[in-house]
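> I'd like to ask some things about the structure below.
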Amino acid sequence: MGRDSKEPEIFVAKDVCPVCGKNSLELRWSETEIPSFGRCILLSMKCESCGYKSSTSWPLSSRGPIRYVLAVENPKDIYAKIVKSPTGTIKIPELSILIKPGPSSNSFITNVEGILERVKRAIMALLFGVESEEERKKYQEYLQTLEKAKRGEMKFTVIVEDPYGISRIEHEDREKVREEKYHPKNE
């Protein structure tokens with residue numbers, strides 16, 4: 001892509017679909033500038049046979065390993081923005097939340113409340129397969145704790161780590177977010 005051109009060049013290729021195994025997966029990608037991520041490759045995939053779709057973005061630059069820490073201490077703090085790249089990890093130790101990057105990890109922008117809502121939806125999906133009443137009660141108690149956290153009725157810590165420094169936490173009060181270098185471990 002030429003840096004001077006206004007329209008990004010879009011590349012197209014065919015590949016094998018990871019769902020149906022047919023050589024009908026269309027890949028489209030281009031390089032672009034995204035305000036929260038910087039220069040990125042945008043990739044979309046769609047299978048013409050089975051309808052499988054996926055899209056993601058990959059940053060083209062790195063700031064090095066950075067960790068952001070936010071102490072959520074009042075209801076306003078749940079509106080702090082979370083920017084997560086495909087390589088970012090989100091931790092909320094007090095709630096046993098760990099969102100790690102994986103092979104199909106995507107970028108997203110949300111807030112602390114949005115992270116709690118994502119976890120809530122995942123737990124709700126797990127509840128369908130629970131047979132034991134004891135286990136069901138445990139999940140329901142955890143959901144109540146998540147709701148309490150979403151309402152700002154409990155204190156907890158949000159940690160965002162990214163070995164490439166793209167993910168971050170943004171708060172209207174910049175003093176609330178601690179930024180530090182860290183040394184990623186192979187986990």
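In the structure tokens, each chain is lettered A, B, ... as it comes, each chain's residues begin at 1, and ligands are numbered from 1 in order of appearance.
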Once DSSP has gone over the backbone, tell me which residues of region 2-177 of chain A are in strand (DSSP E), as a ChimeraX atom specification.

/A:11-15,25-34,38-47,53-59,66-72,81-84,89-92,97-99,108-111,156-162,168-170,177

> Please identify all polymer residues within 9 Å of Met124 (chain A), counting only C-alpha atoms, omitting same-chain residues fewer than 6 positions from it, and present them as an NGL selection string.

:A and (139-140 or 143)

> Suppose we keep N, CA, C and O atoms; can you now write the selection as a short mmCIF file (atom, residue, chain, number, x, y, z; two decimals), in the first residue's frame?


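In the end it all went to again36.cif:
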data_model
loop_
_atom_site.label_atom_id
_atom_site.label_comp_id
_atom_site.auth_asym_id
_atom_site.auth_seq_id
_atom_site.Cartn_x
_atom_site.Cartn_y
_atom_site.Cartn_z
N TYR A 139 -22.35 -20.95 40.51
CA TYR A 139 -22.34 -20.03 39.36
C TYR A 139 -23.28 -18.86 39.60
O TYR A 139 -22.96 -17.72 39.27
N GLN A 140 -24.46 -19.11 40.15
CA GLN A 140 -25.42 -18.04 40.39
C GLN A 140 -24.88 -17.05 41.44
O GLN A 140 -25.09 -15.84 41.30
N LEU A 143 -22.45 -14.89 39.62
CA LEU A 143 -23.15 -13.90 38.81
C LEU A 143 -23.62 -12.72 39.67
O LEU A 143 -23.56 -11.57 39.23
#

> With distances taken over only C-alpha atoms, which of A:Gly129, A:Pro75, A:Gly64, A:Pro18 is nearest to Gly51 (chain A)?

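Looking at the shortest contact to Gly51 (chain A), the residue is A:Pro18.
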
> Hey, what's within 7 Å of His171 (chain A) if we count only C-alpha atoms and toss same-chain stuff fewer than 6 positions away? As a PyMOL selection string, please?

chain A and resi 80-81+177

> Store the residues of this selection in a file with all heavy atoms, as a short mmCIF file (atom, residue, chain, number, x, y, z; two decimals), in the first residue's frame.


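What landed in part_29.cif:
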data_model
loop_
_atom_site.label_atom_id
_atom_site.label_comp_id
_atom_site.auth_asym_id
_atom_site.auth_seq_id
_atom_site.Cartn_x
_atom_site.Cartn_y
_atom_site.Cartn_z
N ALA A 80 -14.17 3.26 32.79
CA ALA A 80 -12.82 3.41 32.21
C ALA A 80 -12.74 2.56 30.95
O ALA A 80 -13.24 1.42 30.91
CB ALA A 80 -11.77 2.98 33.22
N LYS A 81 -12.12 3.10 29.92
CA LYS A 81 -12.02 2.41 28.63
C LYS A 81 -10.93 1.34 28.67
O LYS A 81 -9.84 1.58 29.19
CB LYS A 81 -11.70 3.42 27.53
CG LYS A 81 -11.73 2.80 26.12
CD LYS A 81 -11.20 3.71 25.04
CE LYS A 81 -11.97 4.96 24.86
NZ LYS A 81 -11.48 5.78 23.73
N VAL A 177 -4.76 5.46 36.65
CA VAL A 177 -4.19 4.34 35.90
C VAL A 177 -2.68 4.36 36.05
O VAL A 177 -2.02 5.34 35.71
CB VAL A 177 -4.58 4.41 34.41
CG1 VAL A 177 -3.98 3.23 33.65
CG2 VAL A 177 -6.09 4.44 34.24
#

> Please indicate the distance in Å from CA of Glu161 (chain A) to CA of Glu141 (chain A), rounded to one decimal place.

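Value for the CA of Glu161 (chain A)-CA of Glu141 (chain A) distance: 28.2 Å.
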
> I'd like the contact shell of Val158 (chain A) - 7 Å cut-off, only C-alpha atoms, skipping same-chain residues fewer than 4 positions apart - returned as a ChimeraX atom specification.

/A:69-71,91-92

> What would the file look like if the residues just selected were written as a PDB file, in the first residue's frame with N, CA and C atoms?


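The resulting file, result_4.pdb, is reproduced below:
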ATOM      1  N   VAL A  69      -2.655  -0.764  35.360  1.00  0.00           N
ATOM      2  CA  VAL A  69      -3.368  -1.203  36.555  1.00  0.00           C
ATOM      3  C   VAL A  69      -4.349  -0.101  36.966  1.00  0.00           C
ATOM      4  N   LEU A  70      -5.606  -0.501  37.165  1.00  0.00           N
ATOM      5  CA  LEU A  70      -6.639   0.425  37.609  1.00  0.00           C
ATOM      6  C   LEU A  70      -7.315  -0.152  38.844  1.00  0.00           C
ATOM      7  N   ALA A  71      -7.328   0.617  39.927  1.00  0.00           N
ATOM      8  CA  ALA A  71      -8.082   0.236  41.126  1.00  0.00           C
ATOM      9  C   ALA A  71      -9.495   0.785  40.947  1.00  0.00           C
ATOM     10  N   LYS A  91      -6.808  -9.080  33.439  1.00  0.00           N
ATOM     11  CA  LYS A  91      -6.921  -9.802  34.706  1.00  0.00           C
ATOM     12  C   LYS A  91      -7.729  -8.963  35.692  1.00  0.00           C
ATOM     13  N   ILE A  92      -8.600  -9.643  36.436  1.00  0.00           N
ATOM     14  CA  ILE A  92      -9.280  -9.030  37.580  1.00  0.00           C
ATOM     15  C   ILE A  92      -9.152 -10.057  38.698  1.00  0.00           C
TER      16      ILE A  92
END

> Just want the 12 Å neighbourhood of Val16 (chain A), counted on only C-alpha atoms, with same-chain residues fewer than 5 positions away dropped. Output as a ChimeraX atom specification.

/A:21-27,45-50,52

> A:Ser61, A:Leu95, A:Arg136, A:Leu43: which is nearest Lys148 (chain A), counting only C-alpha atoms?

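Comparing A:Ser61, A:Leu95, A:Arg136, A:Leu43 against Lys148 (chain A), the winner is A:Leu95.
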
> For Ile123 (chain A), which residue among A:Val72, A:Ile97, A:Leu42, A:Ile34 is the nearest when counting only C-alpha atoms?

A:Ile97

> Could you tell me which of A:Asn74, A:Asn111, A:Thr89, A:Gln144 comes closest to Asp162 (chain A) if we count only C-alpha atoms?

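Going through A:Asn74, A:Asn111, A:Thr89, A:Gln144 one by one, the smallest distance to Asp162 (chain A) is for A:Thr89.
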
> Go through A:Glu170, A:Glu135, A:Glu113, A:Glu9 one by one, measure the shortest atom-to-atom distance of each to Trp29 (chain A) using only C-alpha atoms, and give the residue with the smallest value.

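Distance minimum relative to Trp29 (chain A) lands on A:Glu9.
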
> Just to confirm, what's the straight-line distance from CA of Thr145 (chain A) to CA of Lys84 (chain A) in Å (one decimal)?

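Calculated distance between CA of Thr145 (chain A) and CA of Lys84 (chain A) is 23.8 Å.
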